[in-house]
Each structure stands twice: as C-alpha cells, then as structure tokens.
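Peer 1: Enclosed is the structure file work29.csv (CSV, C-alpha atoms and all ligand atoms).
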```
chain,number,residue,atom,x,y,z
A,27,MET,CA,116.3,102.1,117.0
A,28,LEU,CA,115.2,98.8,115.4
A,29,THR,CA,114.5,98.5,111.6
A,30,LEU,CA,110.8,98.2,111.9
A,31,GLU,CA,110.6,101.1,114.3
A,32,LYS,CA,112.6,103.2,111.9
A,33,MET,CA,110.3,102.2,109.1
A,34,TYR,CA,107.3,103.0,111.1
A,35,SER,CA,108.6,106.5,112.1
A,36,MET,CA,109.6,107.4,108.6
A,37,GLY,CA,106.6,105.8,106.9
A,38,HIS,CA,108.2,103.1,104.8
A,39,GLU,CA,106.2,100.3,103.4
A,40,GLU,CA,109.0,97.7,102.9
A,41,VAL,CA,112.7,97.2,103.3
A,42,ILE,CA,114.4,94.3,101.6
A,43,PHE,CA,117.8,93.0,102.5
A,44,VAL,CA,119.5,90.9,99.8
A,45,GLN,CA,122.8,89.0,99.6
A,46,ASP,CA,124.4,86.7,97.1
A,47,LYS,CA,127.5,85.0,98.4
A,48,SER,CA,128.6,83.9,94.9
A,49,CYS,CA,129.4,87.4,93.9
A,50,GLY,CA,129.6,89.2,97.2
A,51,LEU,CA,126.4,91.2,96.8
A,52,LYS,CA,125.1,92.9,99.9
A,53,ALA,CA,122.3,95.4,99.3
A,54,ILE,CA,119.2,97.0,100.8
A,55,ILE,CA,116.2,98.1,98.9
A,56,GLY,CA,113.9,100.7,100.5
A,57,ILE,CA,110.3,101.1,99.3
A,58,HIS,CA,108.9,104.2,101.0
A,59,ASP,CA,105.5,104.9,99.5
A,60,THR,CA,103.7,103.5,96.5
A,61,THR,CA,100.6,105.6,96.6
A,62,LEU,CA,101.4,107.3,93.3
A,63,GLY,CA,102.8,104.2,91.5
A,64,PRO,CA,105.8,101.9,91.6
A,65,ALA,CA,108.7,103.1,93.7
A,66,LEU,CA,111.4,104.6,91.5
A,67,GLY,CA,114.8,105.7,92.7
A,68,GLY,CA,118.4,104.9,91.8
A,69,THR,CA,120.9,102.4,93.2
A,70,ARG,CA,123.8,103.9,95.2
A,71,LEU,CA,127.0,101.9,95.5
A,72,TRP,CA,129.1,102.9,98.5
A,73,PRO,CA,131.6,101.3,100.9
A,74,TYR,CA,129.4,102.0,104.0
A,75,ALA,CA,131.3,101.6,107.2
A,76,SER,CA,128.5,99.6,108.7
A,77,GLU,CA,125.2,98.0,107.8
A,78,GLU,CA,123.5,100.6,110.1
A,79,ASP,CA,124.9,103.5,107.9
A,80,ALA,CA,123.6,101.8,104.8
A,81,LEU,CA,120.2,101.3,106.3
A,82,VAL,CA,120.0,104.9,107.5
A,83,ASP,CA,121.0,106.1,104.0
A,84,VAL,CA,118.5,104.0,102.1
A,85,LEU,CA,115.6,105.0,104.4
A,86,ARG,CA,116.5,108.7,104.0
A,87,LEU,CA,117.0,108.5,100.3
A,88,SER,CA,113.9,106.4,99.5
A,89,ARG,CA,111.7,108.8,101.4
A,90,GLY,CA,113.3,111.7,99.5
A,91,MET,CA,112.3,110.0,96.3
A,92,THR,CA,108.7,109.9,97.4
A,93,TYR,CA,108.7,113.7,97.7
A,94,LYS,CA,110.7,114.3,94.5
A,95,ASN,CA,108.5,112.1,92.4
A,96,ALA,CA,105.3,113.5,93.9
A,97,ILE,CA,106.2,117.2,93.4
A,98,SER,CA,107.4,116.4,89.9
A,99,GLY,CA,103.9,115.2,89.0
A,100,LEU,CA,105.1,111.7,88.2
A,101,ASN,CA,102.9,108.7,88.7
A,102,LEU,CA,105.7,107.0,90.7
A,103,GLY,CA,106.3,106.3,94.3
A,104,GLY,CA,109.6,106.6,96.2
A,105,GLY,CA,112.3,104.0,96.5
A,106,LYS,CA,116.0,103.7,96.5
A,107,ALA,CA,118.6,100.9,96.8
A,108,VAL,CA,122.1,100.8,98.2
A,109,ILE,CA,124.8,98.3,97.4
A,110,ILE,CA,127.5,98.0,100.1
A,111,ALA,CA,130.7,97.7,98.1
A,112,ASP,CA,133.8,99.5,97.1
A,113,PRO,CA,133.4,101.1,93.6
A,114,LYS,CA,136.7,99.4,92.6
A,115,ASP,CA,135.0,96.0,93.1
A,116,LYS,CA,132.1,96.6,90.8
A,117,ASN,CA,131.5,93.8,88.3
A,118,GLU,CA,128.9,92.3,85.9
A,119,ALA,CA,128.0,89.5,88.2
A,120,LEU,CA,127.2,91.9,91.1
A,121,PHE,CA,124.8,94.0,89.0
A,122,ARG,CA,123.2,91.0,87.3
A,123,SER,CA,122.6,89.3,90.7
A,124,PHE,CA,121.1,92.6,92.0
A,125,GLY,CA,118.9,92.8,88.8
A,126,ARG,CA,117.5,89.3,89.6
A,127,PHE,CA,116.4,90.5,93.0
A,128,ILE,CA,114.8,93.6,91.5
A,129,GLU,CA,112.9,91.3,89.1
A,130,SER,CA,111.6,89.2,92.0
A,131,LEU,CA,109.8,92.3,93.3
A,132,ASN,CA,107.5,92.3,90.3
A,133,GLY,CA,107.7,96.0,89.5
A,134,ARG,CA,107.1,97.3,93.0
A,135,TYR,CA,110.6,98.9,92.8
A,136,ILE,CA,112.3,100.3,89.6
A,137,THR,CA,115.9,101.2,89.8
A,138,ALA,CA,118.2,103.7,88.0
A,139,GLU,CA,121.7,105.3,88.2
A,140,ASP,CA,123.0,107.0,91.3
A,141,VAL,CA,126.3,107.7,92.9
A,142,ASN,CA,128.9,105.2,91.7
A,143,THR,CA,126.5,103.4,89.3
A,144,SER,CA,126.9,104.1,85.6
A,145,VAL,CA,125.0,103.4,82.4
A,146,ASP,CA,127.2,100.3,81.9
A,147,ASP,CA,126.1,99.0,85.3
A,148,ILE,CA,122.5,99.7,84.4
A,149,GLU,CA,122.9,97.6,81.3
A,150,HIS,CA,123.9,94.6,83.4
A,151,ILE,CA,120.8,95.1,85.6
A,152,PHE,CA,118.7,95.4,82.4
A,153,THR,CA,120.0,92.0,81.3
A,154,GLU,CA,118.0,90.5,84.2
A,155,THR,CA,115.0,92.8,84.6
A,156,ASN,CA,112.9,95.4,82.8
A,157,TYR,CA,112.3,97.2,86.1
A,158,VAL,CA,115.2,99.6,85.4
A,159,THR,CA,115.5,103.0,83.8
A,160,GLY,CA,118.4,105.0,82.5
A,161,VAL,CA,119.3,102.3,80.0
A,162,ALA,CA,121.7,103.3,77.2
A,163,GLN,CA,120.0,105.2,74.3
A,164,ALA,CA,121.4,102.6,71.9
A,165,ASN,CA,119.1,100.1,73.7
A,166,GLY,CA,116.0,102.3,73.6
A,167,GLY,CA,116.7,104.0,76.9
A,168,SER,CA,117.3,107.6,78.0
A,169,GLY,CA,121.1,107.3,78.7
A,170,ASN,CA,122.9,109.8,80.9
A,171,PRO,CA,120.4,111.9,83.0
A,172,SER,CA,122.9,114.7,83.9
A,173,PRO,CA,122.1,117.1,81.0
A,174,TYR,CA,118.4,116.9,81.9
A,175,THR,CA,119.1,117.4,85.6
A,176,ALA,CA,121.1,120.5,84.5
A,177,LEU,CA,118.3,121.8,82.3
A,178,GLY,CA,115.9,121.5,85.3
A,179,VAL,CA,118.3,123.4,87.6
A,180,PHE,CA,118.6,126.0,84.8
A,181,ARG,CA,114.7,126.4,84.8
A,182,GLY,CA,114.8,126.6,88.6
A,183,ILE,CA,117.3,129.4,88.4
A,184,GLU,CA,115.2,131.2,85.8
A,185,ALA,CA,112.1,130.9,88.1
A,186,SER,CA,114.1,132.1,91.1
A,187,VAL,CA,115.5,135.1,89.1
A,188,THR,CA,112.0,135.9,87.9
A,189,LYS,CA,110.8,135.9,91.5
A,190,ALA,CA,113.7,137.9,92.9
A,191,PHE,CA,114.3,140.4,90.1
A,192,GLY,CA,110.9,140.4,88.2
A,193,LYS,CA,112.4,139.2,84.9
A,194,ARG,CA,113.4,135.8,83.6
A,195,ASP,CA,116.4,137.1,81.8
A,196,LEU,CA,119.8,135.8,83.0
A,197,LYS,CA,121.9,138.1,81.0
A,198,GLY,CA,124.4,139.9,83.2
A,199,LYS,CA,123.5,137.8,86.3
A,200,THR,CA,126.4,136.2,88.2
A,201,ILE,CA,126.1,132.5,89.2
A,202,ALA,CA,128.6,130.9,91.6
A,203,ILE,CA,128.7,127.1,90.9
A,204,GLN,CA,130.1,124.7,93.5
A,205,GLY,CA,131.2,121.6,91.7
A,206,VAL,CA,131.5,121.3,87.9
A,207,GLY,CA,131.0,117.6,87.6
A,208,SER,CA,128.4,115.9,85.3
A,209,VAL,CA,125.6,118.3,86.2
A,210,GLY,CA,127.5,121.4,87.1
A,211,PHE,CA,129.4,121.5,83.8
A,212,GLU,CA,126.3,121.1,81.7
A,213,LEU,CA,124.6,123.8,83.9
A,214,ALA,CA,127.6,126.1,83.3
A,215,LYS,CA,127.3,125.7,79.5
A,216,LEU,CA,123.5,126.6,79.6
A,217,LEU,CA,124.1,129.6,81.8
A,218,HIS,CA,126.9,130.8,79.6
A,219,GLU,CA,124.7,130.5,76.5
A,220,ALA,CA,122.0,132.6,78.4
A,221,GLY,CA,124.5,135.4,78.9
A,222,ALA,CA,125.3,134.8,82.6
A,223,THR,CA,128.7,135.4,84.2
A,224,ILE,CA,130.1,132.2,85.9
A,225,VAL,CA,132.3,131.8,88.9
A,226,TYR,CA,133.1,128.2,89.9
A,227,THR,CA,135.0,125.9,92.1
A,228,ASP,CA,135.9,122.3,92.2
A,229,VAL,CA,138.5,119.9,93.7
A,230,ASN,CA,138.9,117.7,90.7
A,231,GLU,CA,141.7,118.8,88.3
A,232,ARG,CA,140.1,117.0,85.3
A,233,ASN,CA,136.8,118.7,85.7
A,234,ILE,CA,138.5,122.1,86.3
A,235,GLN,CA,140.4,121.6,83.0
A,236,ARG,CA,137.1,120.6,81.2
A,237,MET,CA,135.6,123.9,82.4
A,238,LYS,CA,138.7,125.9,81.2
A,239,GLU,CA,138.2,124.4,77.7
A,240,GLY,CA,134.4,124.3,77.6
A,241,VAL,CA,133.6,127.7,79.3
A,242,PRO,CA,136.8,129.7,79.1
A,243,SER,CA,135.2,132.9,80.3
A,244,ALA,CA,134.2,131.3,83.7
A,245,LYS,CA,136.4,132.4,86.6
A,246,PHE,CA,137.8,129.8,89.0
A,247,VAL,CA,138.0,130.4,92.8
A,248,ALA,CA,139.3,128.2,95.6
A,249,PRO,CA,136.7,125.8,97.2
A,250,ASN,CA,136.4,127.8,100.4
A,251,GLU,CA,135.9,131.1,98.5
A,252,ILE,CA,132.8,130.1,96.6
A,253,PHE,CA,130.3,131.0,99.4
A,254,SER,CA,131.4,134.6,99.6
A,255,VAL,CA,131.5,135.3,95.9
A,256,ALA,CA,129.6,138.5,95.1
A,257,CYS,CA,126.9,137.0,92.9
A,258,ASP,CA,123.1,136.7,92.3
A,259,VAL,CA,122.8,132.9,92.6
A,260,TYR,CA,124.8,130.3,94.6
A,261,ALA,CA,124.4,127.0,92.8
A,262,PRO,CA,125.5,124.0,94.9
A,263,CYS,CA,126.3,121.2,92.5
A,264,ALA,CA,128.7,119.1,94.6
A,265,LEU,CA,127.8,117.5,97.9
A,266,GLY,CA,124.9,117.9,100.3
A,267,ALA,CA,124.8,120.1,103.4
A,268,SER,CA,126.7,123.0,101.9
A,269,VAL,CA,124.1,125.4,103.3
A,270,ASN,CA,124.8,125.5,107.0
A,271,ASP,CA,125.7,127.6,110.0
A,272,GLU,CA,129.2,128.3,108.7
A,273,THR,CA,128.4,129.1,105.1
A,274,ILE,CA,125.1,131.1,105.4
A,275,PRO,CA,126.8,134.1,107.0
A,276,GLN,CA,129.2,134.2,104.1
A,277,LEU,CA,126.6,134.1,101.3
A,278,LYS,CA,126.2,137.3,99.3
A,279,ALA,CA,123.8,135.6,96.8
A,280,LYS,CA,120.1,136.5,96.7
A,281,ILE,CA,119.2,133.0,95.6
A,282,VAL,CA,120.3,129.5,96.4
A,283,CYS,CA,119.5,127.1,93.5
A,284,GLY,CA,121.5,124.1,92.5
A,285,ALA,CA,121.6,120.3,91.8
A,286,ALA,CA,123.0,118.9,94.9
A,287,ASN,CA,120.7,116.7,97.0
A,288,ASN,CA,120.0,117.7,100.6
A,289,GLN,CA,121.6,121.2,100.3
A,290,LEU,CA,120.3,122.3,103.6
A,291,LYS,CA,122.3,120.7,106.4
A,292,GLU,CA,119.2,120.8,108.6
A,293,ASP,CA,115.6,121.8,107.9
A,294,ARG,CA,116.1,124.9,110.1
A,295,HIS,CA,118.5,126.3,107.6
A,296,GLY,CA,115.6,126.9,105.3
A,297,LEU,CA,114.1,129.2,107.9
A,298,ILE,CA,117.5,131.0,108.4
A,299,LEU,CA,117.7,131.7,104.6
A,300,LYS,CA,114.1,133.0,104.7
A,301,GLU,CA,114.9,135.4,107.6
A,302,LYS,CA,118.0,136.6,105.7
A,303,GLY,CA,115.9,137.3,102.6
A,304,ILE,CA,117.7,134.7,100.5
A,305,LEU,CA,115.4,132.9,98.1
A,306,TYR,CA,115.9,129.1,98.3
A,307,ALA,CA,114.7,126.9,95.4
A,308,PRO,CA,114.0,123.4,96.8
A,309,ASP,CA,116.7,121.0,95.8
A,310,TYR,CA,114.4,118.0,95.2
A,311,LEU,CA,112.2,120.0,92.9
A,312,VAL,CA,114.8,121.7,90.7
A,313,ASN,CA,117.1,118.6,90.4
A,314,ALA,CA,114.2,116.4,89.3
A,315,GLY,CA,115.1,116.7,85.6
A,316,GLY,CA,117.0,113.4,85.8
A,317,VAL,CA,114.2,111.4,87.2
A,318,MET,CA,111.7,113.0,84.9
A,319,ASN,CA,113.9,112.0,82.0
A,320,VAL,CA,114.2,108.4,83.0
A,321,SER,CA,110.4,108.2,83.8
A,322,ILE,CA,109.7,108.8,80.1
A,323,GLU,CA,111.5,105.5,79.2
A,324,PHE,CA,108.3,103.6,80.0
A,325,GLU,CA,106.3,105.3,77.2
A,326,GLY,CA,109.2,105.4,74.7
A,327,TRP,CA,111.9,108.0,75.3
A,328,ALA,CA,112.4,111.0,73.1
A,329,ASP,CA,114.6,114.0,73.8
A,330,SER,CA,111.8,116.4,73.0
A,331,LYS,CA,109.3,114.7,75.4
A,332,SER,CA,111.9,114.8,78.1
A,333,ARG,CA,112.7,118.5,77.6
A,334,ARG,CA,109.0,119.4,77.6
A,335,MET,CA,108.6,117.7,81.0
A,336,VAL,CA,111.7,119.2,82.5
A,337,ASP,CA,110.6,122.7,81.4
A,338,THR,CA,107.7,122.4,83.8
A,339,ILE,CA,110.2,122.9,86.7
A,340,TYR,CA,110.0,126.6,85.9
A,341,ASP,CA,106.2,126.8,86.7
A,342,LYS,CA,106.4,124.4,89.6
A,343,THR,CA,109.2,126.4,91.3
A,344,LEU,CA,107.1,129.6,91.0
A,345,GLU,CA,104.1,127.7,92.4
A,346,VAL,CA,106.2,126.6,95.5
A,347,PHE,CA,107.3,130.2,96.0
A,348,LYS,CA,103.7,131.2,95.9
A,349,ILE,CA,102.7,128.7,98.6
A,350,ALA,CA,105.6,129.7,100.8
A,351,GLU,CA,104.6,133.4,100.6
A,352,ALA,CA,100.8,132.7,101.1
A,353,GLN,CA,101.5,130.5,104.2
A,354,ASN,CA,104.5,132.5,105.4
A,355,ILE,CA,106.6,129.4,105.6
A,356,PRO,CA,110.1,128.6,104.4
A,357,VAL,CA,110.3,127.4,100.8
A,358,ASN,CA,111.6,123.9,101.7
A,359,LYS,CA,108.5,123.5,103.9
A,360,ALA,CA,106.2,124.7,101.1
A,361,ALA,CA,107.7,122.0,98.8
A,362,ASP,CA,107.0,119.3,101.3
A,363,VAL,CA,103.4,120.6,101.6
A,364,MET,CA,102.9,120.5,97.8
A,365,ALA,CA,104.3,117.0,97.6
A,366,GLU,CA,102.3,115.7,100.6
A,367,ASN,CA,99.0,117.3,99.3
A,368,ARG,CA,99.4,115.4,96.0
A,369,ILE,CA,100.0,112.1,97.8
A,370,THR,CA,97.1,112.6,100.2
A,371,ALA,CA,94.7,113.5,97.3
A,372,MET,CA,95.7,110.5,95.3
A,373,ARG,CA,95.4,108.2,98.3
A,374,GLN,CA,91.9,109.4,98.8
A,375,ILE,CA,90.7,108.7,95.3
A,376,LYS,CA,91.9,105.2,95.7
A,377,THR,CA,89.6,104.3,98.5
A,378,SER,CA,86.5,103.3,96.4
A,379,TYR,CA,86.0,99.7,95.4
A,380,LEU,CA,86.5,99.0,91.7
A,381,GLY,CA,84.5,95.7,91.5
A,382,LYS,CA,87.3,93.2,91.2
A,383,VAL,CA,87.1,90.6,94.0
A,384,SER,CA,90.7,89.6,94.6
A,385,HIS,CA,90.2,88.5,98.2
A,386,ARG,CA,87.8,86.2,100.0
A,387,MET,CA,84.4,87.8,101.1
A,388,PRO,CA,83.3,87.4,104.7
A,389,GLY,CA,82.1,84.0,105.4
A,390,GLN,CA,83.4,82.5,102.1
A,391,LYS,CA,84.9,79.0,102.4
A,392,ARG,CA,88.4,78.1,101.2
A,393,ARG,CA,88.1,76.0,98.1
B,1,LIG,P1,129.7,114.5,90.0
B,1,LIG,O1,130.4,113.6,90.9
B,1,LIG,O2,129.8,114.3,88.5
B,1,LIG,O3,130.1,116.0,90.3
B,1,LIG,C1,130.3,116.6,91.5
B,1,LIG,C2,131.5,117.6,91.4
B,1,LIG,O4,131.7,118.2,92.7
B,1,LIG,C3,132.8,116.9,91.1
B,1,LIG,O5,133.5,117.6,90.0
B,1,LIG,C4,133.6,117.0,92.4
B,1,LIG,O6,135.0,117.1,92.2
B,1,LIG,C5,133.1,118.3,92.9
B,1,LIG,N1,133.3,118.4,94.4
B,1,LIG,C6,133.2,117.5,95.3
B,1,LIG,N2,133.5,118.0,96.5
B,1,LIG,C7,133.7,119.4,96.3
B,1,LIG,C8,134.0,120.5,97.2
B,1,LIG,N3,134.2,120.3,98.5
B,1,LIG,N4,134.1,121.7,96.6
B,1,LIG,C9,134.0,121.8,95.3
B,1,LIG,N5,133.7,120.8,94.4
B,1,LIG,C10,133.6,119.6,94.9
B,1,LIG,O7,128.1,114.5,90.4
B,1,LIG,P2,126.9,115.0,89.6
B,1,LIG,O8,126.3,113.9,88.9
B,1,LIG,O9,127.3,116.2,88.8
B,1,LIG,O10,125.9,115.5,90.8
B,1,LIG,C11,126.1,116.7,91.5
B,1,LIG,C12,125.1,116.7,92.6
B,1,LIG,O11,123.8,116.7,92.1
B,1,LIG,C13,125.2,115.6,93.6
B,1,LIG,O12,124.9,116.1,94.9
B,1,LIG,C14,124.1,114.7,93.1
B,1,LIG,O13,123.5,113.9,94.2
B,1,LIG,C15,123.0,115.7,92.6
B,1,LIG,N6,122.1,115.1,91.6
B,1,LIG,C16,122.6,114.7,90.4
B,1,LIG,C17,121.8,114.2,89.4
B,1,LIG,C18,122.3,113.7,88.1
B,1,LIG,O14,121.5,113.5,87.2
B,1,LIG,N7,123.6,113.4,88.0
B,1,LIG,C19,120.4,114.2,89.7
B,1,LIG,C20,119.9,114.7,90.9
B,1,LIG,C21,120.8,115.2,91.8
```
Translate the structure described by the file into structure tokens.

Peer 2:
Amino acid sequence: MLTLEKMYSMGHEEVIFVQDKSCGLKAIIGIHDTTLGPALGGTRLWPYASEEDALVDVLRLSRGMTYKNAISGLNLGGGKAVIIADPKDKNEALFRSFGRFIESLNGRYITAEDVNTSVDDIEHIFTETNYVTGVAQANGGSGNPSPYTALGVFRGIEASVTKAFGKRDLKGKTIAIQGVGSVGFELAKLLHEAGATIVYTDVNERNIQRMKEGVPSAKFVAPNEIFSVACDVYAPCALGASVNDETIPQLKAKIVCGAANNQLKEDRHGLILKEKGILYAPDYLVNAGGVMNVSIEFEGWADSKSRRMVDTIYDKTLEVFKIAEAQNIPVNKAADVMAENRITAMRQIKTSYLGKVSHRMPGQKRR
C-alpha cells in the first residue's frame, strides 16, 4: 500500500520524512491526530531492515499515542518518530540535526524518550528545540519516566485487584513479572512494599542481579516458565505480543496488567481473555504514567504534581472495566471507546467560529 493510502486508512494527518547527509540522519515523524493538542510521542531509534518497516512502525506507534494521550485526559494529540540507525552509531550531531527538524514543525510535534533514546539524547535535541520533553531534571525537566510508568502500572494492578477480588489490598497477592528492566524493577519494588509476593523472569544477567540485590525475596523463574506461574497477576514488562495463542492457555493468573506496549498479539486476544474470565487492564492506559509525567514539564514539573496525575490511572482503569461490563465488550475495546469518545467530543466543540479571520472571505481580493 502507498504511504498516502496507509495514512488515509489509519487516519494520519501528516508524515514527515527527514534526512541529513552530513550526519547520516534518516527519520520519519508521524503526526496522527491533533484534535486534542500538539502531537506528543517519543522518538524510537532502531536499525530497521527497511524503510517500509520504519514507516509501518511509526504509523502504528503514532496512532497508539493518540489513544494513550486521549484516555489519559491529556490535552495532547498523538505522534511518534523513528530514527533509522544502529544504537551504536548514536551521536550528538544526529540528535541535534533531528532537533532542528522538530523545531521546524513549530510545535505540531513534541518528542520524548523511547526505545534506544536516553535522557542524554533528549538533551541534544533540547539544544535545538523546546518541543521536547523528558529533559534532565537538572535542566528543569522531568528526567527518567520509568518510575512514573511503574507507579501507573501499580495503580492499574490495584484497580484490577479491586475489581477481581473486591479489595484494593495487594498483601498476599502473587504477581509474575516478565522483564525487570527500567519499569519492571521499579514496579517490583512498589509491589514488594505493598506486601505482594513476586515471581519474575528476565534474560539480562545485569537486571537479574539488580533484582537479587533490590528485592531479595522475589523468586526467579526461567523465561518460558513465567506464563504458567500460579499467581494472581501476570505483569508483562518486557516486549509486546506476549499475550497470544501459545501463552493464554498457560496462564493461571486472574489478571493481566503490565507496562509493555501492545501486549495482545492481536485484538482478538482481548476477547479470548474475556471468555476465559481473565481480567485485562489495557496496556496503553496503565502504562501512561511516563507520558503523564513528561506532559507536566510544560507547566513546570514537580514530583508531587506528576504522582497526583499518575494516581488517576486507578479510577480510569475502573471506569474502563465498567464500560466493558455495561457494553459486554472486551476491555481493550472499551478503552478504545473511551479514548475515541473524548476525541469526538472535543472535535465537536471546536466547530464554532471564534471570530478571528485568518483566511480570506468569499469574494475578497488578494492585496
Ligand atoms: P527495558 O528495556 O529497560 O526492560 C525490558 C526488560 O525485559 C529487560 O530487562 C530485558 O532484558 C527483558 N526482556 C526482554 N526480552 C525478554 C524475554 N523474552 N523474557 C524475559 N525478559 C525479557 O524497558 P522498559 O523501559 O522497562 O520498558 C518495558 C516495557 O514497557 C516495554 O515494552 C516498553 O515499551 C514499555 N513502556 C515503557 C515505558 C517507560 O517509561 N520506560 C513507558 C511506557 C511503556
């Protein structure tokens, strides 16, 4: 399918291809929907095998941000960028050049961290443009978003436990975490403090060692054993698509709630979970703590403001469960309905004329 056709079918407003021969920059910026405000979403750096793969990813990810920002109650639209490069080739010039292109968009797109982009890289972008969030705390920014993402997932787990067991208390509940990286490790600490029992897996020795030291009571299992752990909650915090035809039959958990993006391999897996009586907390709602945190940078970031906003994930998750139950639809569909309803409502209030003539009136001559 051609790019414009893809944009049409997925509802994108704009896709920008940028390149700078001087530093080898090749990037695509996807602006999906700006009904709610400027498009915000991180920049992913990845050695895509082809331009086509990069385009498909940026289109998919930018649309995902529209839904995430909408359901989170943010006055932000959805966008995302991908830089086609090997992480080992990252350098200052690449990010500064990219920052200059973002600046040229005049605030229609605001970037942030994502896979393979760090606070240091964000600092280089910040040298060239203000349209970036996740800037270092030393420079007035919000810094690393992972602890806030973890807090949001923790609130999502609390809401799910409330729904499934009638009580918010996590004491004595068993949580199986897949992936104890930046978010999974922070989540494990919060769950441990709340009195939960933790079982985890990972493939990275350094992160496993950090868990052994940080949460010594947690039990390690091999990566392929995590799905069948006897537990209350399965928390995917590694890669996407871990809820699929092979893993669902193994699940003993009553709840799936974690940080990973796109946990359901396909939409239909939401329905399969529903039919099996497993409560699914929509990924893009419960992992929105990071984007909520960076959004606060525009009004002057403070940890307390950020935590207050992230705490709303508890009520929002319960609201989605209520919609799913009332309409008898899978929870992932209910989340989409909630996000789409907000966008539609805000689009409608923007149809009236506000009295500023910024275009020529019919019959008016060019001066
Ligand atoms: P990360 O790379 O720091 O951690 C991921 C961990 O998963 C690593 O320790 C890795 O070794 C492990 N892992 C990878 N493959 C595995 C496998 N097959 N089995 C077990 N473990 C495996 O990433 P992160 O920042 O912690 O993000 C985790 C997930 O949450 C990602 O899907 C990310 O897209 C999503 N997310 C993160 C944020 C954030 O603020 N960092 C925000 C929203 C969503």

Peer 1: With all atoms listed in the file as the basis for distance, which of A:Arg126, A:Arg236, A:Lys215, A:Arg134 is at the shortest distance from ligand LIG 1 (chain B)?

Peer 2: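 So, comparing all the options, the nearest one is A:Arg236.
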
Peer 1: I need the residue nearest ligand LIG 1 (chain B) from this list: A:Met91, A:Ile97, A:Ile281, A:Val187. Use only C-alpha atoms and all ligand atoms for the distance.

Peer 2: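 Result for the nearest residue to ligand LIG 1 (chain B): A:Met91.
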
Peer 1: Hey, which residues come within 8 Å of ligand LIG 1 (chain B) if we count all atoms listed in the file? Could you give them as an NGL selection string?

Peer 2: :A and (140-141 or 170-176 or 204-211 or 227-231 or 233-234 or 249-250 or 262-266 or 284-288 or 310 or 313-317)

Peer 1: Under the rule that all atoms listed in the file are counted, which of A:Ala371, A:Leu177, A:Leu217, A:Leu51 is the nearest residue to Arg334 of chain A?

Peer 2: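 Checking each of A:Ala371, A:Leu177, A:Leu217, A:Leu51 against Arg334 of chain A, counting all atoms listed in the file, the winner is A:Leu177.
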
Peer 1: My list of candidates is A:Lys238, A:Lys114, A:Lys47, A:His58. Which is closest to Ser88 of chain A when distances are computed with only C-alpha atoms?

Peer 2: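 Among the listed residues, A:His58 lies closest to Ser88 of chain A.
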